[in-house]
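To start, the structure under review is shown below, and the notes come after it.
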Amino acid sequence: MKVPLPFKLPLLLIPMLHSAFPSAAASSLLSSCQLQGKFHLNGMHKAGDVVLGGLFEIHFFSVFPDLSFTSEPQQPTCYGLDVLGLRKAQTMAFAIDEINRNAELLPNVTLGYSLYDNCVQLEIGFRAAMALISGEQENIVFDRNCVGSPPVVGLVGDSSSTHSIAISSVLGLYRVPMISYFATCACLSNRHKYPSFFRTIPSDDFQVQVLIQILKHFGWTWAGLLISNDDYGLHAAQSFQSDLTLSGEGCLAYLEVLPLGNNAGELKRIVDIMKKSSARVVIVFAHENHVIDLMEEVVRQNLTGLQWLASEAWSTSAMLQTPELMPYLGGTLGVAIRRGEIPGLRDFLLETHPDLHYNSNENTMVNQFWEFTFQCRFAPPPAGWVENGGTLCTGEEDLQSVETEYLATSDLRPEYNVYKAVYALAYALDDMLRCEPGRGPFTENSCATSQTLQPWQLMYYLEKVNFTTSFGDHVSFDENGDALPIYDIMNWLWLPGEQITVQKVGDAKMSTLKGEELGLQENKIYWNFDSKGPARSVCSENCPPGTRMMRRKKEPVCCFDCIPCSEGKISNKTNSIECFSCPEDFWSSPQRDHCLPKKTGFLSYEEPLGMCLTAASLLGTFICAVVLGIFIYHRSTPIVKANNSEVSFQLLLSLKLCFLCSLLFIGRPRLWTCQLRHAAFGISFVLCVSCILVKTMVVLAVFKASKPGGGASLKWFGVSQQRGTVFVLTSVQAAICTVWLVTSSPTPNKNTSYYNDEIVYECAIGSAVGFSFLLGYIGLLAILSFLIAFLARDLPDNFNEAKLITFSMLIFCAVWVAFVPAYISSPGKYADAVEVFAILASSFSLLVALFGPKCYIILLSPEKNTRKALMGRAIKGTA
């Protein structure tokens with residue numbers, strides 16, 4: 001037999017022994033090597049061309065002898081038969097038998113098996129693994145040219161994560177593939193530490209993700225976590241803490257490690273924590289025996305009203321499904337290994353028969369099962385067995401006549417994983433043996449054969465396995481050796497009459513196309529609460545819309561207070577950490593849960609204020625037109641001639657422009673209206689005040705000319721000089737407006753500073769200096785006109801226009817002095833309304849004060865419209 005490199009390593013010591021011991025004793029060592037010892041292990045064996053190994057928990061307990069080393073140490077003994085563990089081992093035997101009968105899979109190759117019991121002890125399981133990969137022969141003839149395959153090419157097992165970690169650490173050194181059907185620790189996905197480890201059960205990482213998805217589905221953000229004090233529980237706790245934090249889907253109210261053994265004090269402390277916590281959901285990531293101890297304390301303290309989430313290690317445990325525990329565990333939701341169907345397995349199990357040539361020293365597992373099931377003993381029986389009424393086993397007992405879990409094949413879960421693991425190895429072997437010489441994947445395109453097969457060569461094909469079971473499940477391994485994960489979601493149903501059922505209410509799986517999927521049939525779920533619905537388990541209720549979360553100091557992120565959002569901000573997401581500002585043109589609703597378009601504010605033609613100001617502007621324009629018509633019609637009358645008719649016509653036209661320019665301040669501001677409104681306003685009023693100033697100066701010049709030697713003053717106030725003065729004064733204002741518009745032009749602006757819920761459309765003046773110069777220049781001319789008119793107020797004339805000018809300019813100045821503070825303090829559209837009001841008030845004051853008395857005389861007192869009446873006694877001549 002050719003010994004592969006891993007198994008040659010102990011033999012390399014032989015040349016060293018030869019050099020150290022050249023005696024005859026050493027010479028005998030060169031001819032053969034000897035095992036240090038042979039383990040007495042419970043097992044099942046079947047010869048074949050290629051042998052597969054298996055490790056199963058077939059006994060619950062073991063007894064180790066006293067190691068005093070005064071005599072040869074005895075082997076440990078196992079007791080307490082686990083019928084379900086034996087059924088798993090028989091499932092592997094059935095799968096191999098089925099493969100051997102399949103003409104299409106591994107043709108011309110017979111598979112054998114060598115299955116061992118680990119007795120739930122790492123030491124025994126490790127011994128069994130070493131025996132499987134090294135062989136059990138007492139003597140191996142040392143031959144450098146021997147050929148043959150290693151004792152086993154791959155292992156199915158172990159069931160425990162802790163066992164698998166230890167065993168695969170060693171098997172990985174020699175690249176012997178090991179496929180576990182029950183080890184779920186996420187740490188085993190580390191390909192660097194465990195390069196030859198595979199499994200057909202999902203990793204705990206996925207189990208944790210499924211439990212988190214269940215929490216999310218029912219809105220459970222506040223849960224307690226109980227774990228076992230081993231690799232299974234500790235790694236799950238790490239995954240829960242990291243994944244919950246990353247997902248932001250919930251928090252752990254507490255994390256407690258269940259003690260090994262029935263530690264009453266520690267269990268009481270844990271249940272006290274559960275009772276005081278506000279978390280109504282408890283996740284238990286532990287083995288069945290831990291949960292049994294825990295439930296004893298839960299019953300003692302009568303802790304009800306909890307929703308239990310079970311890991312796959314106990315989600316289908318029959319030992320916990322008792323009437324005494326159902327008031328507490330009823331409604332439990334759990335993650336279970338995928339149930340599968342294995343046609344023909346029950347018939348295969350019914351063919352189980354004991355070895356009639358039973359040797360008590362071998363103590364075979366089937367014989368122990370037979371004795372356990374039929375409560376008999378094979379000969380020779382223990383001392384006193386027959387005397388005490390015990391029966392002897394005949395081997396002819398009928399399995400169908402007894403009720404035993406061994407034959408319950410309707411709910412196969414770990415057995416289904418064993419079945420898939422065996423088939424994975426078989427398909428890998430089949431692919432390897434179908435290799436065409438010269439086209440293989442190994443050195444120089446070589447292939448492996450059943451005679452030259454090395455375990456590392458099988459690894460290459462095992463990583464590429466891809467098949468579908470007869471039950472319809474797809475089996476392949478990812479880069480970490482994990483199969484595509486799938487779980488059943490189970491619910492513990494407690495029916496009237498104390499009937500207990502564990503039913504499937506959904507599944508969770510990972511697909512290459514859709515990723516993680518959780519499917520639940522909520523209408524089938526039994527809830528053990530008065531509400532007949534899921535429990536409510538949160539540390540803090542979701543913040544209502546319009547509020548934000550404020551985390552509590554030194555507490556998990558799921559514990560928080562709800563703070564209302566400030567004005568202009570909203571929170572339309574539950575548990576929002578912050579409030580979000582609405583866009584510029586929107587405002588928060590009264591409930592602070594959504595954004596509403598802001599109201600738009602500007603001086604509109606449609607609103608009452610805008611209508612009144614528009615009507616007043618049009619009325620003033622109309623009156624100006626009427627007065628202008630009256631003056632034109634009566635232009636030959638003394639009162640029209642006496643008041644410098646040309647300047648009066650210019651004044652009426654400028655007043656009309658003043659009235660009309662106020663319309664530019666009404667309506668939504670546009671760029672052209674913003675640029676035109678102040679320019680038109682400034683130029684119109686300067687034109688108006690310039691005409692008044694010229695008129696006042698002419699009145700004063702005429703009065704001086706009426707005195708002896710004063711005629712020379714009239715030459716400076718001719719028609720051309722009057723026109724020129726008005727033009728020059730108006731041009732200065734036009735220049736101010738031009739510079740203002742060119743350097744910093746007024747522009748439309750959406751102002752949100754006046755009101756939080758309203759956008760005020762206004763014209764930003766651009767340059768405050770330009771606007772100040774515009775108003776200041778108007779004010780300067782108005783004050784100058786007022787002063788000159790005030791000096792001429794007492795001229796001896798029955799119709800002294802200087803008095804009217806003085807009065808009108810007094811009102812004009814008063815209006816604009818009041819305008820400045822009112823304009824500055826008025827927000828939004830009211831600033832425009834104040835400016836329009838000032839324009840209209842000053843325009844009406846000028847129109848009424850300057851032209852009202854004259855129109856009265858022309859229309860209602862024509863007898864005063866004579867030269868004599870106007871001149872009076874003091875002045876003889878025309879103005």
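Chain labels follow the order of the structure tokens: the first chain is A, the next B, and so on; residue numbering restarts at 1 in every chain, and ligands are counted from 1 in their shown order.
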
Point to revise | DSSP strand (DSSP E or B) selection over range 313-344 of chain A, as a PyMOL selection string | key: chain A and resi 333-337+340

Write out the residues from the selection above, keeping N, CA and C atoms, as a PDB file, in the first residue's frame.
```
ATOM      1  N   LEU A 333     -41.027  30.865  18.462  1.00  0.00           N
ATOM      2  CA  LEU A 333     -40.593  30.873  17.065  1.00  0.00           C
ATOM      3  C   LEU A 333     -39.138  30.436  17.025  1.00  0.00           C
ATOM      4  N   GLY A 334     -38.814  29.553  16.105  1.00  0.00           N
ATOM      5  CA  GLY A 334     -37.450  29.051  16.063  1.00  0.00           C
ATOM      6  C   GLY A 334     -36.954  28.821  14.654  1.00  0.00           C
ATOM      7  N   VAL A 335     -35.643  28.818  14.562  1.00  0.00           N
ATOM      8  CA  VAL A 335     -34.971  28.506  13.303  1.00  0.00           C
ATOM      9  C   VAL A 335     -34.586  27.042  13.346  1.00  0.00           C
ATOM     10  N   ALA A 336     -35.020  26.285  12.350  1.00  0.00           N
ATOM     11  CA  ALA A 336     -34.750  24.848  12.335  1.00  0.00           C
ATOM     12  C   ALA A 336     -34.006  24.465  11.066  1.00  0.00           C
ATOM     13  N   ILE A 337     -33.237  23.384  11.201  1.00  0.00           N
ATOM     14  CA  ILE A 337     -32.554  22.845  10.031  1.00  0.00           C
ATOM     15  C   ILE A 337     -33.599  22.454   8.988  1.00  0.00           C
ATOM     16  N   GLY A 340     -36.023  17.512   5.195  1.00  0.00           N
ATOM     17  CA  GLY A 340     -35.948  16.863   3.892  1.00  0.00           C
ATOM     18  C   GLY A 340     -36.580  15.491   3.918  1.00  0.00           C
TER      19      GLY A 340
END
```

Exercise for review: Extract the full set of alpha helix (DSSP H) residues from range 178-345 of chain A according to DSSP on the backbone, and format it as a ChimeraX atom specification.
Suggested key: /A:204-217,231-247,264-276,288-301,326-329,345

Review point. Closest to Gly519 in chain A among A:Cys688, A:Leu810, A:Ile486, A:Cys393, using only C-alpha atoms?
Key: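 Once distances to Gly519 in chain A are computed over only C-alpha atoms, the minimum belongs to A:Ile486.
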
Practice item. Write out as a ChimeraX atom specification which residues come within 8 Å of Thr364 in chain A when counting only C-alpha atoms, dropping same-chain ones fewer than 3 positions away. Key: /A:42-44,358,367-368

Practice item. Would you work out the distance separating CA of Val152 in chain A from CA of Thr452 in chain A, expressed in Å to one decimal? Key: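 According to the coordinates, CA of Val152 in chain A and CA of Thr452 in chain A are separated by 12.7 Å.
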
Check your understanding: Counting only C-alpha atoms, which of A:Ile666, A:Ala310, A:Leu111, A:Val719 gets nearest to Glu646 in chain A?
Key -> A:Val719

Check your understanding: At what distance in Å, to one decimal, does CA of Cys763 in chain A lie from CA of Trp587 in chain A?
Key ->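 Value for the CA of Trp587 in chain A-CA of Cys763 in chain A distance: 22.3 Å.
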
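Put simply, CA of Leu840 in chain A is 7.4 Å away from CA of Ser662 in chain A.
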
**Study point:** Nearest candidate to Arg592 in chain A (options A:Pro544, A:Gly629, A:Gly610, A:Pro455; using only C-alpha atoms)
**Key:**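 Result for the nearest residue to Arg592 in chain A: A:Pro544.
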
Check your understanding: Hey, what's within 9 Å of Ser278 in chain A if we count only C-alpha atoms and toss same-chain stuff fewer than 4 positions away? As a ChimeraX atom specification, please?
Key -> /A:222-223,253,274,537-539

Point to revise | Counting only C-alpha atoms, the residue of A:Val726, A:Ala129, A:Ile683, A:Ile99 that sits nearest Ala424 in chain A | key: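 Using only C-alpha atoms, Ala424 in chain A sits closest to A:Ile99.
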
Could you produce a table of the residues of range 344-453 of chain A lying within 12 Å of range 313-327 of chain A, with the nearest pair of atoms per residue and their separation in Å rounded to one decimal, using only C-alpha atoms, ordered by chain and increasing residue number, as a tab-separated table?
```
residue	atom	partner	partner_atom	distance
A:Glu405	CA	A:Ala318	CA	10.7
A:Asp411	CA	A:Thr316	CA	9.9
A:Leu412	CA	A:Thr316	CA	11.1
A:Arg413	CA	A:Thr316	CA	9.7
A:Pro414	CA	A:Ala313	CA	10.5
```

Using N, CA, C and O atoms, can you write the selected residues to a file as a PDB file, in the first residue's frame?
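As written to disk, part_28.pdb reads:
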```pdb
ATOM      1  N   GLU A 405     -38.313   6.360  18.164  1.00  0.00           N
ATOM      2  CA  GLU A 405     -37.919   7.504  17.339  1.00  0.00           C
ATOM      3  C   GLU A 405     -37.004   7.084  16.202  1.00  0.00           C
ATOM      4  O   GLU A 405     -36.875   7.800  15.209  1.00  0.00           O
ATOM      5  N   ASP A 411     -39.776  13.621   9.744  1.00  0.00           N
ATOM      6  CA  ASP A 411     -39.241  14.962  10.050  1.00  0.00           C
ATOM      7  C   ASP A 411     -37.714  14.887  10.128  1.00  0.00           C
ATOM      8  O   ASP A 411     -37.108  15.088  11.176  1.00  0.00           O
ATOM      9  N   LEU A 412     -37.110  14.601   9.001  1.00  0.00           N
ATOM     10  CA  LEU A 412     -35.659  14.426   8.945  1.00  0.00           C
ATOM     11  C   LEU A 412     -34.978  15.761   8.709  1.00  0.00           C
ATOM     12  O   LEU A 412     -35.197  16.417   7.686  1.00  0.00           O
ATOM     13  N   ARG A 413     -34.141  16.154   9.668  1.00  0.00           N
ATOM     14  CA  ARG A 413     -33.448  17.437   9.542  1.00  0.00           C
ATOM     15  C   ARG A 413     -31.928  17.250   9.548  1.00  0.00           C
ATOM     16  O   ARG A 413     -31.298  17.372   8.494  1.00  0.00           O
ATOM     17  N   PRO A 414     -31.286  16.928  10.681  1.00  0.00           N
ATOM     18  CA  PRO A 414     -29.834  16.677  10.606  1.00  0.00           C
ATOM     19  C   PRO A 414     -29.523  15.468   9.726  1.00  0.00           C
ATOM     20  O   PRO A 414     -28.484  15.416   9.071  1.00  0.00           O
TER      21      PRO A 414
END
```

Study note, to complete from the structure: Min atom-atom distance to Ser476 in chain A from the set A:Arg677, A:His290, A:Asn528, A:Tyr423, counting only C-alpha atoms, belongs to A:Tyr423

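For range 647-649 of chain A, the residues within 8 Å (counting only C-alpha atoms, excluding itself and residues fewer than 2 positions away along the chain) are Leu628, Phe631, Asn643, Asn644, Ser645, Leu651, Leu652, Leu653, Cys691, Val694, Lys695 and Gln722 of chain A.
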
Take the residues that were just selected and, keeping N, CA, C and O atoms, output them as a PDB file, in the first residue's frame.
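To be explicit, this is the file written out as out-v6.pdb:
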```
ATOM      1  N   LEU A 628     -55.829 118.857 -16.655  1.00  0.00           N
ATOM      2  CA  LEU A 628     -55.078 119.293 -17.831  1.00  0.00           C
ATOM      3  C   LEU A 628     -56.042 119.701 -18.940  1.00  0.00           C
ATOM      4  O   LEU A 628     -55.822 120.726 -19.633  1.00  0.00           O
ATOM      5  N   PHE A 631     -57.487 123.086 -18.021  1.00  0.00           N
ATOM      6  CA  PHE A 631     -56.514 124.174 -18.228  1.00  0.00           C
ATOM      7  C   PHE A 631     -56.325 124.460 -19.720  1.00  0.00           C
ATOM      8  O   PHE A 631     -56.174 125.621 -20.116  1.00  0.00           O
ATOM      9  N   ASN A 643     -50.657 131.869 -13.952  1.00  0.00           N
ATOM     10  CA  ASN A 643     -49.923 130.808 -13.247  1.00  0.00           C
ATOM     11  C   ASN A 643     -48.937 130.079 -14.148  1.00  0.00           C
ATOM     12  O   ASN A 643     -48.656 128.903 -13.943  1.00  0.00           O
ATOM     13  N   ASN A 644     -48.413 130.804 -15.115  1.00  0.00           N
ATOM     14  CA  ASN A 644     -47.354 130.232 -15.956  1.00  0.00           C
ATOM     15  C   ASN A 644     -47.855 128.915 -16.551  1.00  0.00           C
ATOM     16  O   ASN A 644     -47.482 127.819 -16.136  1.00  0.00           O
ATOM     17  N   SER A 645     -48.686 129.072 -17.539  1.00  0.00           N
ATOM     18  CA  SER A 645     -49.419 127.931 -18.079  1.00  0.00           C
ATOM     19  C   SER A 645     -48.495 126.819 -18.564  1.00  0.00           C
ATOM     20  O   SER A 645     -48.775 125.621 -18.386  1.00  0.00           O
ATOM     21  N   LEU A 651     -46.162 120.443 -15.048  1.00  0.00           N
ATOM     22  CA  LEU A 651     -46.406 119.921 -13.703  1.00  0.00           C
ATOM     23  C   LEU A 651     -47.519 118.880 -13.711  1.00  0.00           C
ATOM     24  O   LEU A 651     -47.417 117.829 -13.050  1.00  0.00           O
ATOM     25  N   LEU A 652     -48.580 119.142 -14.463  1.00  0.00           N
ATOM     26  CA  LEU A 652     -49.670 118.169 -14.542  1.00  0.00           C
ATOM     27  C   LEU A 652     -49.212 116.855 -15.211  1.00  0.00           C
ATOM     28  O   LEU A 652     -49.584 115.755 -14.774  1.00  0.00           O
ATOM     29  N   LEU A 653     -48.389 116.991 -16.238  1.00  0.00           N
ATOM     30  CA  LEU A 653     -47.866 115.787 -16.892  1.00  0.00           C
ATOM     31  C   LEU A 653     -46.969 114.995 -15.935  1.00  0.00           C
ATOM     32  O   LEU A 653     -47.023 113.761 -15.883  1.00  0.00           O
ATOM     33  N   CYS A 691     -40.561 121.588 -11.537  1.00  0.00           N
ATOM     34  CA  CYS A 691     -41.573 122.514 -12.060  1.00  0.00           C
ATOM     35  C   CYS A 691     -42.096 123.430 -10.950  1.00  0.00           C
ATOM     36  O   CYS A 691     -42.285 124.646 -11.161  1.00  0.00           O
ATOM     37  N   VAL A 694     -39.367 125.984 -10.150  1.00  0.00           N
ATOM     38  CA  VAL A 694     -39.318 127.044 -11.181  1.00  0.00           C
ATOM     39  C   VAL A 694     -40.515 127.966 -11.023  1.00  0.00           C
ATOM     40  O   VAL A 694     -40.381 129.205 -11.105  1.00  0.00           O
ATOM     41  N   LYS A 695     -41.691 127.369 -10.783  1.00  0.00           N
ATOM     42  CA  LYS A 695     -42.892 128.182 -10.628  1.00  0.00           C
ATOM     43  C   LYS A 695     -42.733 129.124  -9.426  1.00  0.00           C
ATOM     44  O   LYS A 695     -43.099 130.315  -9.492  1.00  0.00           O
ATOM     45  N   GLN A 722     -36.645 128.694 -17.935  1.00  0.00           N
ATOM     46  CA  GLN A 722     -37.496 127.791 -17.139  1.00  0.00           C
ATOM     47  C   GLN A 722     -37.379 126.351 -17.636  1.00  0.00           C
ATOM     48  O   GLN A 722     -37.207 125.400 -16.846  1.00  0.00           O
TER      49      GLN A 722
END
```

Check your understanding: Which residue gives the smallest distance to Trp220 in chain A among A:Tyr605, A:Trp308, A:Phe467, A:Phe197, with only C-alpha atoms counted?
Key -> A:Trp308

Point to revise | Contact residues around Arg269 in chain A with only C-alpha atoms at 12 Å, ignoring same-chain residues under 6 positions, as a ChimeraX atom specification | key: /A:256-259,263,275-276,294,297-298,301

How would the residues just chosen look if you wrote them out with C-alpha atoms as a tab-separated table (two decimals), in the first residue's frame?
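In the end it all went to again14.tsv:
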```
chain	number	residue	atom	x	y	z
A	256	GLU	CA	-26.26	36.53	29.63
A	257	VAL	CA	-24.23	33.32	29.44
A	258	LEU	CA	-26.08	30.24	30.63
A	259	PRO	CA	-24.02	28.25	33.13
A	263	ASN	CA	-26.19	26.23	38.71
A	275	LYS	CA	-38.25	39.53	34.81
A	276	LYS	CA	-37.11	43.12	35.47
A	294	LEU	CA	-33.18	27.45	32.42
A	297	GLU	CA	-36.08	28.29	37.03
A	298	VAL	CA	-38.54	30.07	34.70
A	301	GLN	CA	-40.57	32.00	39.22
```

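Residues in contact with Val760 in chain A at up to 9 Å, not including ones fewer than 2 positions away on its chain and judged by only C-alpha atoms, are Lys599, Thr600, Gly601, Phe602, Asn749, Lys750, Asn751, Thr752, Ser753, Tyr754, Tyr755, Glu758, Glu762, Pro827, Gly828 and Lys829 of chain A.
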